[in-house]
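Novice: Sending over a structure as structure tokens; questions will come in a sec.
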Amino acid sequence: MRVASKRFLCFVTAALVSGVALAGCNFGSAGKNDASPANEGKQGEASAVKQVLNVSEGAEIATLDVAQISDAVSSTVLNNINEGLFRFDDKHQPILAIAQEHKTSEDALTHTFLLRDAKWANGDPVTAQDFEYGWKRVLREVGPFGVFFEMAGIANADKILQGEKKPDDLGIKAIDAKTLEVKLDRANPLFLPLLPLAPFLPQNEKFVEKAGDKYGLEYDQVLANGPFVLNDWKHEQSWQYKKNESYWDAANVQLDEINVYIVKEPSAAVNLYETGKLDRVTGLTSSLADAYKGKEDYQKVATPTTIFMRLNPDVAAFQNENIRRAIGMAIDKESLTDVVLNDGSIPLYGLVPAAFSLSPDMKDYRVLNGQLNKGTVEEAKTLWQKGLAEIGQSGLATSMIVADQEYMRQTSEYLKAQLETNLPGFKLKLKTVPFQQRIKQEKAFEYEIALSTWGPDYIDPMTYLDMWVTGGPANRMKYSNPQFDQLVAQANKELDPRKRYDILLQLEKIIIEKDAAVVPLYQYGEVILQSQKIKGLIWHPSGPEFTYKWTHME
């Protein structure tokens with residue numbers, strides 16, 4: 001899983017059932033070319049429109065080191081400058097990419113991939129050894145997504161993560177330069193859907209080792225083999241993609257240039273859009289959204305990104321179940337989403353968002369599990385007073401770290417007002433920090449309450465659930481329940497889709513209904529302004545946010 005800045009969700013799928021500051025930014029650009037999965041082959045048509053796309057992002061790239069990536073922004077960059085055995089198409093399904101052929105043994109435990117002729121941007125061929133080295137390096141570096149190899153069922157991944165085997169024992173082998181063999185411990189429906197994700201990208205050993213500690217931290221310290229190369233990266237300001245002429249499918253890449261500017265203030269982004277310096281902006285505030293409602297550039301969508309509160313158990317009060325429940329029940333989530341945010345966000349009473357995953361019986365996960373830990377303000381006050389009595393306190397003064405994004409600021413101010421009004425004696429201090437700083441503090445447990453976000457890496461409820469296993473890299477709250485851990489392991493081995501889905505439903509009830517460990521708030525909504533000139537831009541509900549390979553300007 002991964003921390004998300006923003007995500008999009010415009011559909012329901014059951015695929016797995018069977019910068020406020022702009023100083024120094026240069027908004028001038030040039031370019032030319034057209035194609036999408038639906039109209040490949042049109043690239044030869046002449047066009048007077050410059051094939052240059054200008055967009056905004058609300059956060060900086062954290063790292064482009066495949067072994068360390070853990071956020072949506074960085075994942076999107078890697079998705080567009082690199083390519084693995086598969087990539088996601090416009091239906092968000094894995095399609096052959098660097099692999100031109102895939103064979104599976106009868107027991108579905110051995111997968112053989114034949115690689116196409118492809119090159120790195122420095123001219124080196126992309127080889128099976130690059131995949132073997134890259135996958136094993138992710139496990140050697142103990143990056144946040146090493147667990148993906150276990151989820152994919154790759155042989156020995158679980159034992160490597162537990163320290164019982166070494167990364168070199170991973171079930172991947174380069175038979176020769178063009179043939180890659182992957183062995184699984186068990187037949188796994190998640191194997192192929194996971195392959196387009198960052199941990200499964202190839203890595204050029206010679207380049208990585210030469211870059212050393214600088215790998216992935218500057219535009220010239222990352223090596224592309226995908227549709228684009230990273231041409232520039234001004235930290236906390238902007239970055240730029242250029243078309244990769246060495247890419248094996250360059251003929252179907254239309255954009256010559258993509259400029260991404262970090263704009264943290266929505267009003268500033270809108271001003272740049274109005275003057276034609278941006279072709280797409282997201283995250284409009286309520287007042288800005290109302291001003292554009294009804295216009296052809298206006299879009300309003302719910303997303304699968306969840307917003308929730310982490311409660312650090314190192315704070316004695318948060319070890320008390322009644323206090324945790326009271327905090328969750330004291331917040332009017334409907335008013336937060338419908339009045340304060342007014343951006344398409346919807347209240348959330350669980351870990352897994354609505355309209356994200358369907359059961360084998362084609363029922364929405366959120367509908368099946370219902371609204372967990374929902375209560376009235378009166379119930380919250382009763383639990384609050386009971387909890388305070390149990391810990392021998394008359395009130396609680398605490399703090400919450402909040403990322404420096406506008407919607408997070410709005411949310412945190414509303415939460416402060418709600419909790420201090422509805423829970424007598426509750427005092428909340430807000431501490432605004434940069435997005436990446438919030439992540440660092442969460443990982444170091446340097447917070448009392450953290451206002452957090454989470455976006456899916458693949459379309460399955462487990463992407464929101466297994467982050468809470470004991471000691472998991474995304475846990476960051478020291479949550480631990482042996483029953484929960486056991487059920488996650490059981491679900492990862494269960495091949496019967498109905499039995500597996502029943503386990504997934506149980507997992508959410510344990511952490512939210514039984515333990516009240518996390519305080520869900522809402523599914524993030526997005527108001528977007530997008531120029532009608534943009535065609536073929538693919539938004540993914542999980543994993544990398546955008547694919548630009550088939551995007552073009554008309």
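By convention here, the chains of the structure tokens are called A, B, ... in the order presented, each chain's residues are numbered starting at 1, and ligands are numbered starting at 1 in the order presented.
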According to DSSP computed on the backbone, where in stretch 178-292 of chain A is there strand (DSSP E or B)? Give the residues as a ChimeraX atom specification.
Specialist: /A:179-184,228-234,238-243,257-262,280-281
Novice: Mind running stretch 268-310 of chain A against stretch 450-463 of chain A at 7 Å and telling me each contacting residue's nearest atom pair with the distance in Å (one decimal), counting only C-alpha atoms, chain and number ascending, as CSV?
Specialist:
```
residue,atom,partner,partner_atom,distance
A:Pro304,CA,A:Gly455,CA,6.3
A:Thr305,CA,A:Gly455,CA,4.4
A:Thr306,CA,A:Trp454,CA,5.3
A:Ile307,CA,A:Thr453,CA,4.6
A:Phe308,CA,A:Ser452,CA,5.4
A:Met309,CA,A:Leu451,CA,4.8
A:Arg310,CA,A:Ala450,CA,5.1
```
Novice: Print the selection's residues with C-alpha atoms to a file, as a JSON list (two decimals), in the first residue's frame.
Specialist:
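Okay, this is what ended up in again_5.json:
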```json
[["chain", "number", "residue", "atom", "x", "y", "z"],
["A", 304, "PRO", "CA", -10.77, 5.61, -3.09],
["A", 305, "THR", "CA", -8.36, 7.66, -0.97],
["A", 306, "THR", "CA", -9.36, 7.45, 2.68],
["A", 307, "ILE", "CA", -8.77, 10.10, 5.32],
["A", 308, "PHE", "CA", -8.48, 8.90, 8.91],
["A", 309, "MET", "CA", -6.90, 9.64, 12.29],
["A", 310, "ARG", "CA", -4.05, 7.60, 13.74]]
```
Novice: Using DSSP secondary structure from the backbone, list all helix (DSSP H, G or I) positions within stretch 301-380 of chain A, as JSON, numbers by chain.
Specialist: {"A": [316, 317, 318, 319, 321, 322, 323, 324, 325, 326, 327, 328, 329, 333, 334, 335, 336, 337, 338, 339, 340, 341, 365, 366, 367, 368, 369, 377, 378, 379, 380]}
Novice: I'd like the contact shell of A:Ala99 - 10 Å cut-off, only C-alpha atoms, skipping same-chain residues fewer than 2 positions apart - returned as a ChimeraX atom specification.
Specialist: /A:83-87,95-97,101-102,112-118,128,178-180
Novice: Would you list the contacts of A:Val222 as a list of chain:residue names, taking every protein, DNA or RNA residue within 9 Å and counting only C-alpha atoms, but skipping same-chain residues closer than 2 positions in sequence?
Specialist: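 Returned residues: A:Leu64, A:Asp65, A:Phe207, A:Val208, A:Ala211, A:Tyr215, A:Gly216, A:Leu217, A:Glu218, A:Tyr219, A:Asp220, A:Ala224, A:Val229, A:Leu230.
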Novice: Could you give me, as a Markdown table, a per-residue list for stretch 177-276 of chain A showing, wherever an atom lies at most 10 Å from an atom of stretch 533-545 of chain A, the closest pair of atoms and their distance in Å to one decimal, using only C-alpha atoms and sorting by chain then residue number from low to high?
Specialist:
```
| residue | atom | partner | partner_atom | distance |
| --- | --- | --- | --- | --- |
| A:Leu194 | CA | A:Gly543 | CA | 8.9 |
| A:Pro196 | CA | A:Gly543 | CA | 8.4 |
| A:Leu197 | CA | A:Gly543 | CA | 6.4 |
| A:Ala198 | CA | A:Gly543 | CA | 8.5 |
```
Novice: By how many Å are atom CA of A:Asn259 and atom CA of A:Val77 apart?
Specialist: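 Distance reported for this atom pair: 11.7 Å.
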Novice: Can you list, as a compact mmCIF listing (two decimals) with N, CA and C atoms, in the first residue's frame, every protein, DNA or RNA residue that comes within 8 Å of A:Asn188 when you count only C-alpha atoms, leaving out same-chain residues fewer than 4 positions away?
Specialist:
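Contents of selection_33.txt, freshly written:
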```txt
# COMPACT_ATOMS: atom_id res chain seq x y z
N ALA A 152 2.08 -11.38 -3.63
CA ALA A 152 2.03 -11.97 -4.97
C ALA A 152 2.25 -13.47 -4.93
N GLY A 153 2.66 -13.98 -3.77
CA GLY A 153 2.86 -15.41 -3.62
C GLY A 153 4.17 -15.91 -4.16
N LEU A 184 6.05 -19.44 -7.77
CA LEU A 184 5.17 -19.04 -6.68
C LEU A 184 5.08 -20.15 -5.63
N LEU A 495 -7.83 -19.70 -1.63
CA LEU A 495 -8.11 -19.59 -3.05
C LEU A 495 -9.61 -19.53 -3.36
```
Novice: Nearest to A:Ile154: which of A:Ser75, A:Gln221, A:Asn492, A:Asn312 is it, counting only C-alpha atoms?
Specialist: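 Of the candidates, the smallest distance to A:Ile154 is held by A:Asn492.
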Novice: Find, counting only C-alpha atoms, the residue in A:Leu341, A:Met467, A:Val270, A:Ile439 that gets nearest to A:Arg409.
Specialist: A:Leu341
Novice: Could you check how far atom CA of A:Val260 sits from atom CA of A:Ala59, in Å to one decimal?
Specialist: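 Atom CA of A:Ala59 lies 10.5 Å from atom CA of A:Val260.
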Novice: Can you tell me how far atom CA of A:Lys210 sits from atom CA of A:Asn231, in Å to one decimal?
Specialist: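 Computing it gives 19.4 Å between the two atoms.
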Novice: Residues near stretch 483-487 of chain A, anyone? I mean within 7 Å using only C-alpha atoms, not counting same-chain ones fewer than 3 positions away, as a ChimeraX atom specification.
Specialist: /A:469-470,490-491,503,507,510
Novice: Can you write just those residues out, N, CA, C and O atoms, as a tab-separated table (two decimals), in the first residue's frame?
Specialist:
```tsv
chain	number	residue	atom	x	y	z
A	469	VAL	N	-1.13	-5.17	9.99
A	469	VAL	CA	-0.52	-6.34	10.64
A	469	VAL	C	0.57	-5.88	11.61
A	469	VAL	O	1.18	-4.83	11.43
A	470	THR	N	0.80	-6.65	12.61
A	470	THR	CA	1.79	-6.30	13.63
A	470	THR	C	3.17	-6.05	13.00
A	470	THR	O	3.68	-6.90	12.27
A	490	GLN	N	-4.25	-16.09	6.67
A	490	GLN	CA	-5.21	-17.07	6.15
A	490	GLN	C	-5.80	-16.59	4.82
A	490	GLN	O	-5.94	-17.38	3.88
A	491	ALA	N	-6.15	-15.32	4.75
A	491	ALA	CA	-6.73	-14.76	3.52
A	491	ALA	C	-5.74	-14.84	2.36
A	491	ALA	O	-6.13	-15.06	1.21
A	503	ILE	N	-13.35	-13.49	5.04
A	503	ILE	CA	-12.24	-13.14	5.93
A	503	ILE	C	-11.95	-11.65	5.85
A	503	ILE	O	-11.71	-10.99	6.87
A	507	LEU	N	-11.86	-8.91	8.98
A	507	LEU	CA	-10.68	-8.11	9.33
A	507	LEU	C	-11.06	-6.67	9.67
A	507	LEU	O	-10.57	-6.10	10.65
A	510	ILE	N	-12.76	-6.36	13.06
A	510	ILE	CA	-11.86	-6.50	14.21
A	510	ILE	C	-11.22	-5.16	14.56
A	510	ILE	O	-11.24	-4.73	15.72
```
Novice: Can you pull out every residue within 10 Å of A:Gln418, counting only C-alpha atoms, but drop anything in the same chain fewer than 2 positions away, and send it as a list in words?
Specialist: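 After dropping sequence-adjacent residues, the list is Ile327, Ala330, Ile331, Asp332, Lys333, Leu336, Val377, Ser412, Glu413, Tyr414, Leu415, Lys416, Glu420, Thr421, Asn422, Leu423 and Phe426 of chain A.
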Novice: Could you write those residues out with N, CA and C atoms, as a PDB file, in the first residue's frame?
Specialist:
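To be explicit, this is the file written out as result.pdb:
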```
ATOM      1  N   ILE A 327     -13.924   9.615  20.468  1.00  0.00           N
ATOM      2  CA  ILE A 327     -13.357  10.514  19.461  1.00  0.00           C
ATOM      3  C   ILE A 327     -14.003  10.259  18.102  1.00  0.00           C
ATOM      4  N   ALA A 330     -17.773  11.493  18.090  1.00  0.00           N
ATOM      5  CA  ALA A 330     -18.026  12.914  18.370  1.00  0.00           C
ATOM      6  C   ALA A 330     -17.982  13.777  17.118  1.00  0.00           C
ATOM      7  N   ILE A 331     -17.622  13.203  15.978  1.00  0.00           N
ATOM      8  CA  ILE A 331     -17.420  13.979  14.758  1.00  0.00           C
ATOM      9  C   ILE A 331     -18.596  13.803  13.806  1.00  0.00           C
ATOM     10  N   ASP A 332     -19.210  14.898  13.415  1.00  0.00           N
ATOM     11  CA  ASP A 332     -20.289  14.885  12.419  1.00  0.00           C
ATOM     12  C   ASP A 332     -19.641  14.828  11.040  1.00  0.00           C
ATOM     13  N   LYS A 333     -19.474  13.623  10.519  1.00  0.00           N
ATOM     14  CA  LYS A 333     -18.761  13.434   9.256  1.00  0.00           C
ATOM     15  C   LYS A 333     -19.560  13.941   8.060  1.00  0.00           C
ATOM     16  N   LEU A 336     -18.982  17.577   7.657  1.00  0.00           N
ATOM     17  CA  LEU A 336     -17.619  17.788   7.176  1.00  0.00           C
ATOM     18  C   LEU A 336     -17.551  17.634   5.660  1.00  0.00           C
ATOM     19  N   VAL A 377     -23.592  12.172  19.287  1.00  0.00           N
ATOM     20  CA  VAL A 377     -22.762  13.001  20.162  1.00  0.00           C
ATOM     21  C   VAL A 377     -23.021  12.636  21.623  1.00  0.00           C
ATOM     22  N   SER A 412      -8.723  19.543   9.454  1.00  0.00           N
ATOM     23  CA  SER A 412      -8.176  19.592  10.814  1.00  0.00           C
ATOM     24  C   SER A 412      -8.857  20.671  11.655  1.00  0.00           C
ATOM     25  N   GLU A 413      -9.158  21.808  11.059  1.00  0.00           N
ATOM     26  CA  GLU A 413      -9.833  22.878  11.812  1.00  0.00           C
ATOM     27  C   GLU A 413     -11.244  22.459  12.213  1.00  0.00           C
ATOM     28  N   TYR A 414     -11.903  21.729  11.308  1.00  0.00           N
ATOM     29  CA  TYR A 414     -13.243  21.230  11.634  1.00  0.00           C
ATOM     30  C   TYR A 414     -13.171  20.200  12.758  1.00  0.00           C
ATOM     31  N   LEU A 415     -12.205  19.300  12.691  1.00  0.00           N
ATOM     32  CA  LEU A 415     -12.057  18.282  13.733  1.00  0.00           C
ATOM     33  C   LEU A 415     -11.773  18.915  15.095  1.00  0.00           C
ATOM     34  N   LYS A 416     -10.921  19.923  15.100  1.00  0.00           N
ATOM     35  CA  LYS A 416     -10.616  20.623  16.352  1.00  0.00           C
ATOM     36  C   LYS A 416     -11.894  21.214  16.971  1.00  0.00           C
ATOM     37  N   GLU A 420     -13.426  19.639  20.476  1.00  0.00           N
ATOM     38  CA  GLU A 420     -13.401  20.528  21.645  1.00  0.00           C
ATOM     39  C   GLU A 420     -14.809  20.933  22.079  1.00  0.00           C
ATOM     40  N   THR A 421     -15.759  20.949  21.149  1.00  0.00           N
ATOM     41  CA  THR A 421     -17.138  21.298  21.482  1.00  0.00           C
ATOM     42  C   THR A 421     -17.894  20.116  22.075  1.00  0.00           C
ATOM     43  N   ASN A 422     -17.714  18.947  21.496  1.00  0.00           N
ATOM     44  CA  ASN A 422     -18.533  17.795  21.861  1.00  0.00           C
ATOM     45  C   ASN A 422     -17.949  16.928  22.975  1.00  0.00           C
ATOM     46  N   LEU A 423     -16.658  17.085  23.233  1.00  0.00           N
ATOM     47  CA  LEU A 423     -16.024  16.307  24.309  1.00  0.00           C
ATOM     48  C   LEU A 423     -15.465  17.273  25.353  1.00  0.00           C
ATOM     49  N   PHE A 426     -11.568  18.394  26.188  1.00  0.00           N
ATOM     50  CA  PHE A 426     -10.667  18.009  25.091  1.00  0.00           C
ATOM     51  C   PHE A 426     -10.044  19.272  24.491  1.00  0.00           C
TER      52      PHE A 426
END
```
